[in-house]
Structure formats: structure tokens, C-alpha cells
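S.K.: Shown below is the structure under consideration.
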Amino acid sequence: MQKAIIIFILFCLDRISKLYFIGLVESGVEVNFYIFPFLNFILVWNFGIGFGLATMEVNIFYHIITLIIIGVNLFLIYILRKLNKVQSLLIAVILGGSLGNLFDRLYYFAVPDFIDFHIGNLHWFVFNVADIFITIGILGLILFEIYNIKKKIN
């Protein structure tokens, strides 16, 4: 139950952040806020896969990728109970973000991204709150496994 609450809260945080920026655009506000010299918010629609890779039209390939994402999410939900507490918590963080982006793919046929890190004219991929959760979860799993490997060696 605790993991379901985490997934739900993270999903809601992602939805709220996206709806805020979409709402600004729909009310006529141009979303191009400079927060720091290296960070601004700008709304872009990602029709591809993570971090704008493989941008594609909404066609059969888009739907195949979406089905694969659904399959991965179902697999993560399935293994959630079979993992230890730390791993299941990190998978819950990944699922919170992944389900947020999946919702957008199904509802909008694109994912709204709005966080833009950059150094001068060199920009990282524009991303969203769900991407942050997915990244934190994956990095956490990697660090957890590295720690366990080192523990077994010693």
C-alpha cells in the first residue's frame, strides 16, 4: 500500500506541474521563463521517446513504442512485490514518473516537457518532473546494485 501511495503522489505532482504549464499556454501566456542563467521553463511537446530521442509522427511505430512502455510498466508492477524494500521503493519512484508520461502519451499523443537546463547556447534535453522521478529511480537502483556488489566482494 505504501508503494501505491508513493506512485500516486509522484504521478499527481507530475500531472499538476504539466497542467500548470499547459494552462498558462491555453490562457495566452508565453511559457519562456528564465529562472537562472542556466535554467528556464519553456513548453515543448515530445512526440518521441525519452529526452526527445527518436522524434516520430503519431503512427504505428508510435503506438508500438507506447505498447512497449505499457508492457514495461506492467512488468515493473508485477516485480514490485518480489523486491526488497529499497528496490521496491525505487521502482515505485520510477513508476510514478513513467505512468505520468504514459498518461500523456495516451491522452495528448505527446509528452509536455518544460524544464530546460543550459550553459549559454548549449542545451540539455528539455524534460519534465516525471523524467526527474524516472532518473532518480534508475540512478538509485544502479547505486544500490553497486553497493551490494562491493558488499559481496568485501
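Order determines the names: the first chain of the C-alpha cells is A, the second B, and so forth; residues in each chain are numbered 1 upward, and ligands are numbered 1 upward as they are shown.
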Could you pull out the helix (DSSP H, G or I) residues of segment 2-140 of chain A, going by DSSP on the backbone, and write them as a compact mmCIF listing (two decimals) with N, CA and C atoms, in the first residue's frame?
M.R.:
# COMPACT_ATOMS: atom_id res chain seq x y z
N GLN A 2 1.97 1.22 0.76
CA GLN A 2 2.86 2.37 0.82
C GLN A 2 3.41 2.72 -0.56
N LYS A 3 3.75 1.70 -1.33
CA LYS A 3 4.29 1.94 -2.67
C LYS A 3 3.24 2.55 -3.59
N ALA A 4 1.99 2.11 -3.45
CA ALA A 4 0.90 2.66 -4.26
C ALA A 4 0.70 4.14 -3.95
N ILE A 5 0.84 4.50 -2.69
CA ILE A 5 0.70 5.91 -2.30
C ILE A 5 1.83 6.74 -2.90
N ILE A 6 3.05 6.21 -2.86
CA ILE A 6 4.19 6.92 -3.46
C ILE A 6 3.97 7.11 -4.95
N ILE A 7 3.56 6.05 -5.63
CA ILE A 7 3.30 6.14 -7.07
C ILE A 7 2.24 7.19 -7.34
N PHE A 8 1.16 7.16 -6.57
CA PHE A 8 0.06 8.11 -6.78
C PHE A 8 0.51 9.55 -6.53
N ILE A 9 1.24 9.79 -5.45
CA ILE A 9 1.71 11.16 -5.14
C ILE A 9 2.63 11.68 -6.24
N LEU A 10 3.57 10.86 -6.67
CA LEU A 10 4.51 11.30 -7.72
C LEU A 10 3.78 11.53 -9.04
N PHE A 11 2.85 10.65 -9.36
CA PHE A 11 2.02 10.84 -10.55
C PHE A 11 1.29 12.17 -10.48
N CYS A 12 0.69 12.47 -9.34
CA CYS A 12 -0.06 13.73 -9.17
C CYS A 12 0.85 14.95 -9.26
N LEU A 13 2.04 14.88 -8.65
CA LEU A 13 2.98 16.00 -8.74
C LEU A 13 3.34 16.28 -10.20
N ASP A 14 3.57 15.22 -10.94
CA ASP A 14 3.89 15.37 -12.37
C ASP A 14 2.71 15.99 -13.12
N ARG A 15 1.51 15.46 -12.89
CA ARG A 15 0.31 15.97 -13.58
C ARG A 15 0.09 17.44 -13.26
N ILE A 16 0.21 17.81 -11.99
CA ILE A 16 -0.01 19.20 -11.58
C ILE A 16 0.97 20.13 -12.28
N SER A 17 2.25 19.72 -12.32
CA SER A 17 3.26 20.58 -12.96
C SER A 17 2.96 20.74 -14.46
N LYS A 18 2.59 19.66 -15.11
CA LYS A 18 2.29 19.75 -16.55
C LYS A 18 1.03 20.56 -16.81
N LEU A 19 0.01 20.33 -16.01
CA LEU A 19 -1.25 21.07 -16.19
C LEU A 19 -1.06 22.56 -15.94
N TYR A 20 -0.15 22.91 -15.03
CA TYR A 20 0.14 24.32 -14.78
C TYR A 20 0.68 24.99 -16.05
N PHE A 21 1.67 24.38 -16.67
CA PHE A 21 2.28 24.99 -17.86
C PHE A 21 1.34 24.93 -19.06
N ILE A 22 0.61 23.84 -19.21
CA ILE A 22 -0.36 23.76 -20.30
C ILE A 22 -1.44 24.83 -20.10
N GLY A 23 -1.87 25.00 -18.85
CA GLY A 23 -2.87 26.03 -18.54
C GLY A 23 -2.38 27.44 -18.86
N LEU A 24 -1.11 27.70 -18.58
CA LEU A 24 -0.54 29.01 -18.92
C LEU A 24 -0.63 29.27 -20.42
N VAL A 25 -0.24 28.28 -21.20
CA VAL A 25 -0.27 28.43 -22.66
C VAL A 25 -1.71 28.62 -23.14
N GLU A 26 -2.64 27.84 -22.60
CA GLU A 26 -4.04 27.95 -23.02
C GLU A 26 -4.65 29.29 -22.64
N GLY A 50 11.99 9.05 -24.61
CA GLY A 50 12.66 9.82 -23.58
C GLY A 50 13.66 10.84 -24.08
N PHE A 51 13.61 12.00 -23.48
CA PHE A 51 14.52 13.12 -23.78
C PHE A 51 14.48 13.53 -25.25
N GLY A 52 13.35 13.37 -25.90
CA GLY A 52 13.19 13.81 -27.27
C GLY A 52 13.92 12.96 -28.29
N ILE A 60 1.98 3.97 -36.53
CA ILE A 60 2.06 2.63 -35.97
C ILE A 60 3.29 2.46 -35.08
N PHE A 61 4.41 3.08 -35.41
CA PHE A 61 5.61 2.97 -34.61
C PHE A 61 5.43 3.66 -33.25
N TYR A 62 4.75 4.80 -33.25
CA TYR A 62 4.43 5.49 -32.00
C TYR A 62 3.61 4.57 -31.10
N HIS A 63 2.62 3.92 -31.69
CA HIS A 63 1.74 3.04 -30.90
C HIS A 63 2.48 1.78 -30.43
N ILE A 64 3.42 1.29 -31.22
CA ILE A 64 4.22 0.14 -30.80
C ILE A 64 5.10 0.52 -29.61
N ILE A 65 5.74 1.69 -29.69
CA ILE A 65 6.55 2.17 -28.57
C ILE A 65 5.67 2.33 -27.32
N THR A 66 4.47 2.87 -27.49
CA THR A 66 3.55 3.05 -26.37
C THR A 66 3.19 1.69 -25.77
N LEU A 67 2.93 0.69 -26.59
CA LEU A 67 2.63 -0.65 -26.09
C LEU A 67 3.82 -1.25 -25.33
N ILE A 68 5.02 -1.00 -25.82
CA ILE A 68 6.22 -1.47 -25.11
C ILE A 68 6.32 -0.80 -23.75
N ILE A 69 6.06 0.51 -23.70
CA ILE A 69 6.09 1.23 -22.43
C ILE A 69 5.05 0.67 -21.46
N ILE A 70 3.87 0.38 -21.96
CA ILE A 70 2.82 -0.22 -21.13
C ILE A 70 3.31 -1.58 -20.59
N GLY A 71 3.92 -2.38 -21.46
CA GLY A 71 4.44 -3.68 -21.05
C GLY A 71 5.51 -3.55 -19.97
N VAL A 72 6.42 -2.60 -20.12
CA VAL A 72 7.46 -2.38 -19.12
C VAL A 72 6.84 -1.97 -17.79
N ASN A 73 5.85 -1.08 -17.83
CA ASN A 73 5.17 -0.66 -16.60
C ASN A 73 4.47 -1.83 -15.93
N LEU A 74 3.80 -2.66 -16.70
CA LEU A 74 3.14 -3.84 -16.12
C LEU A 74 4.15 -4.79 -15.50
N PHE A 75 5.29 -4.97 -16.15
CA PHE A 75 6.35 -5.81 -15.60
C PHE A 75 6.87 -5.23 -14.29
N LEU A 76 7.08 -3.92 -14.24
CA LEU A 76 7.56 -3.28 -13.01
C LEU A 76 6.55 -3.44 -11.88
N ILE A 77 5.28 -3.31 -12.20
CA ILE A 77 4.24 -3.51 -11.18
C ILE A 77 4.26 -4.96 -10.70
N TYR A 78 4.46 -5.90 -11.61
CA TYR A 78 4.49 -7.33 -11.27
C TYR A 78 5.65 -7.65 -10.32
N ILE A 79 6.84 -7.10 -10.60
CA ILE A 79 8.01 -7.45 -9.77
C ILE A 79 8.10 -6.61 -8.50
N LEU A 80 7.26 -5.62 -8.36
CA LEU A 80 7.32 -4.72 -7.21
C LEU A 80 7.29 -5.48 -5.89
N ARG A 81 6.47 -6.50 -5.77
CA ARG A 81 6.32 -7.28 -4.53
C ARG A 81 7.47 -8.25 -4.30
N LYS A 82 8.22 -8.54 -5.32
CA LYS A 82 9.27 -9.56 -5.22
C LYS A 82 10.63 -8.97 -4.84
N LYS A 85 12.93 -3.88 0.17
CA LYS A 85 12.28 -2.59 0.45
C LYS A 85 12.87 -1.43 -0.35
N VAL A 86 14.20 -1.36 -0.42
CA VAL A 86 14.85 -0.27 -1.14
C VAL A 86 14.56 -0.36 -2.63
N GLN A 87 14.73 -1.55 -3.20
CA GLN A 87 14.47 -1.73 -4.62
C GLN A 87 13.01 -1.42 -4.97
N SER A 88 12.08 -1.89 -4.15
CA SER A 88 10.67 -1.65 -4.46
C SER A 88 10.33 -0.17 -4.33
N LEU A 89 10.95 0.53 -3.39
CA LEU A 89 10.74 1.98 -3.27
C LEU A 89 11.24 2.70 -4.52
N LEU A 90 12.41 2.31 -5.00
CA LEU A 90 12.97 2.94 -6.20
C LEU A 90 12.15 2.61 -7.45
N ILE A 91 11.63 1.39 -7.53
CA ILE A 91 10.75 1.03 -8.65
C ILE A 91 9.46 1.85 -8.57
N ALA A 92 8.96 2.09 -7.36
CA ALA A 92 7.76 2.92 -7.19
C ALA A 92 8.01 4.34 -7.68
N VAL A 93 9.20 4.87 -7.42
CA VAL A 93 9.56 6.21 -7.91
C VAL A 93 9.57 6.22 -9.44
N ILE A 94 10.17 5.20 -10.03
CA ILE A 94 10.20 5.08 -11.50
C ILE A 94 8.77 5.00 -12.04
N LEU A 95 7.93 4.17 -11.42
CA LEU A 95 6.55 4.02 -11.88
C LEU A 95 5.75 5.31 -11.76
N GLY A 96 5.97 6.06 -10.71
CA GLY A 96 5.27 7.34 -10.56
C GLY A 96 5.53 8.26 -11.74
N GLY A 97 6.80 8.32 -12.17
CA GLY A 97 7.14 9.14 -13.33
C GLY A 97 6.71 8.52 -14.63
N SER A 98 6.93 7.24 -14.77
CA SER A 98 6.61 6.56 -16.02
C SER A 98 5.12 6.59 -16.31
N LEU A 99 4.30 6.39 -15.29
CA LEU A 99 2.85 6.43 -15.50
C LEU A 99 2.38 7.84 -15.85
N GLY A 100 3.08 8.86 -15.33
CA GLY A 100 2.76 10.24 -15.70
C GLY A 100 3.00 10.49 -17.18
N ASN A 101 4.16 10.05 -17.67
CA ASN A 101 4.46 10.22 -19.09
C ASN A 101 3.58 9.33 -19.97
N LEU A 102 3.27 8.13 -19.49
CA LEU A 102 2.38 7.24 -20.24
C LEU A 102 1.00 7.85 -20.38
N PHE A 103 0.50 8.44 -19.32
CA PHE A 103 -0.80 9.12 -19.38
C PHE A 103 -0.80 10.15 -20.51
N ASP A 104 0.26 10.96 -20.57
CA ASP A 104 0.36 12.00 -21.61
C ASP A 104 0.40 11.39 -23.01
N ARG A 105 1.15 10.31 -23.17
CA ARG A 105 1.23 9.66 -24.48
C ARG A 105 -0.14 9.18 -24.93
N LEU A 106 -0.93 8.68 -23.98
CA LEU A 106 -2.26 8.17 -24.32
C LEU A 106 -3.28 9.30 -24.49
N TYR A 107 -3.17 10.35 -23.70
CA TYR A 107 -4.16 11.43 -23.71
C TYR A 107 -3.87 12.49 -24.78
N VAL A 129 8.89 16.79 -14.81
CA VAL A 129 9.01 16.25 -13.46
C VAL A 129 9.02 14.72 -13.48
N ALA A 130 8.22 14.11 -14.34
CA ALA A 130 8.20 12.64 -14.44
C ALA A 130 9.58 12.11 -14.81
N ASP A 131 10.26 12.79 -15.72
CA ASP A 131 11.61 12.37 -16.12
C ASP A 131 12.58 12.42 -14.93
N ILE A 132 12.39 13.41 -14.05
CA ILE A 132 13.23 13.50 -12.85
C ILE A 132 13.02 12.27 -11.97
N PHE A 133 11.76 11.90 -11.76
CA PHE A 133 11.47 10.73 -10.92
C PHE A 133 12.04 9.46 -11.55
N ILE A 134 11.88 9.30 -12.84
CA ILE A 134 12.41 8.11 -13.52
C ILE A 134 13.93 8.05 -13.37
N THR A 135 14.59 9.18 -13.58
CA THR A 135 16.06 9.24 -13.48
C THR A 135 16.53 8.95 -12.06
N ILE A 136 15.87 9.54 -11.06
CA ILE A 136 16.24 9.29 -9.67
C ILE A 136 16.09 7.81 -9.34
N GLY A 137 14.99 7.20 -9.77
CA GLY A 137 14.77 5.79 -9.51
C GLY A 137 15.82 4.91 -10.15
N ILE A 138 16.15 5.18 -11.41
CA ILE A 138 17.14 4.36 -12.11
C ILE A 138 18.53 4.54 -11.50
N LEU A 139 18.92 5.79 -11.23
CA LEU A 139 20.22 6.02 -10.60
C LEU A 139 20.29 5.38 -9.23
N GLY A 140 19.19 5.44 -8.48
CA GLY A 140 19.14 4.80 -7.18
C GLY A 140 19.33 3.29 -7.28
S.K.: Could you give me, as a PyMOL selection string, each residue of segment 31-146 of chain A that DSSP assigns to strand (DSSP E) when run on this structure's backbone?
M.R.: chain A and resi 32-36+39-46+111-119+122-123
S.K.: What does the structure give for the distance between atom CA of Ser27 of chain A and atom CA of Phe117 of chain A, in Å to one decimal?
M.R.: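 Between atom CA of Ser27 of chain A and atom CA of Phe117 of chain A the gap works out to 25.0 Å.
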S.K.: Tell me, as a PyMOL selection string, which residues lie within 12 Å of Trp124 of chain A, counting only C-alpha atoms; anything in the same chain fewer than 2 positions away does not count.
M.R.: chain A and resi 38-40+51-52+114-122+126-127
S.K.: Kindly save the residues from that selection, with N, CA and C atoms included, as a CSV table (one decimal), in the first residue's frame.
M.R.:
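As written to disk, part.csv reads:
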chain,number,residue,atom,x,y,z
A,38,PHE,N,21.1,29.5,-16.2
A,38,PHE,CA,21.3,28.2,-16.7
A,38,PHE,C,20.0,27.4,-16.7
A,39,LEU,N,18.9,28.0,-16.3
A,39,LEU,CA,17.6,27.3,-16.2
A,39,LEU,C,16.4,28.2,-16.6
A,40,ASN,N,15.6,27.6,-17.5
A,40,ASN,CA,14.4,28.3,-17.9
A,40,ASN,C,13.3,27.3,-18.1
A,51,PHE,N,13.6,12.0,-23.5
A,51,PHE,CA,14.5,13.1,-23.8
A,51,PHE,C,14.5,13.5,-25.3
A,52,GLY,N,13.3,13.4,-25.9
A,52,GLY,CA,13.2,13.8,-27.3
A,52,GLY,C,13.9,13.0,-28.3
A,114,PHE,N,9.1,20.8,-20.1
A,114,PHE,CA,9.2,22.3,-19.9
A,114,PHE,C,10.5,22.7,-19.1
A,115,ILE,N,11.3,21.8,-18.6
A,115,ILE,CA,12.5,22.2,-17.8
A,115,ILE,C,13.7,22.2,-18.8
A,116,ASP,N,14.3,23.3,-18.9
A,116,ASP,CA,15.4,23.5,-19.9
A,116,ASP,C,16.7,24.0,-19.1
A,117,PHE,N,17.6,23.0,-18.9
A,117,PHE,CA,18.9,23.4,-18.4
A,117,PHE,C,19.9,23.7,-19.6
A,118,HIS,N,20.7,24.7,-19.4
A,118,HIS,CA,21.6,25.0,-20.5
A,118,HIS,C,22.8,25.8,-19.9
A,119,ILE,N,23.9,25.8,-20.7
A,119,ILE,CA,25.1,26.6,-20.5
A,119,ILE,C,25.2,27.4,-21.7
A,120,GLY,N,24.9,28.7,-21.7
A,120,GLY,CA,24.9,29.5,-22.9
A,120,GLY,C,23.9,29.0,-23.9
A,121,ASN,N,24.4,28.7,-25.1
A,121,ASN,CA,23.6,28.1,-26.1
A,121,ASN,C,23.6,26.6,-26.1
A,122,LEU,N,24.3,26.0,-25.2
A,122,LEU,CA,24.3,24.5,-25.2
A,122,LEU,C,23.3,24.0,-24.2
A,126,VAL,N,15.1,19.1,-23.1
A,126,VAL,CA,14.0,19.6,-22.3
A,126,VAL,C,13.3,18.4,-21.7
A,127,PHE,N,13.0,18.5,-20.4
A,127,PHE,CA,12.4,17.4,-19.7
A,127,PHE,C,11.3,17.8,-18.7
S.K.: Can you work out which one of A:Ile146, A:Leu141, A:Ile49, A:Ile153 has the shortest atom-to-atom distance to Phe109 of chain A, counting only C-alpha atoms?
M.R.: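 That would be A:Ile49, the residue with the smallest distance to Phe109 of chain A.
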S.K.: Quick one: pull the distance between atom CA of Asn46 of chain A and atom CA of Asp113 of chain A, Å, one decimal.
M.R.: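 Atom CA of Asn46 of chain A sits 6.7 Å away from atom CA of Asp113 of chain A.
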S.K.: Give me, please, the distance in Å between atom CA of Tyr34 of chain A and atom CA of His123 of chain A, quoted to one decimal.
M.R.: 13.5 Å
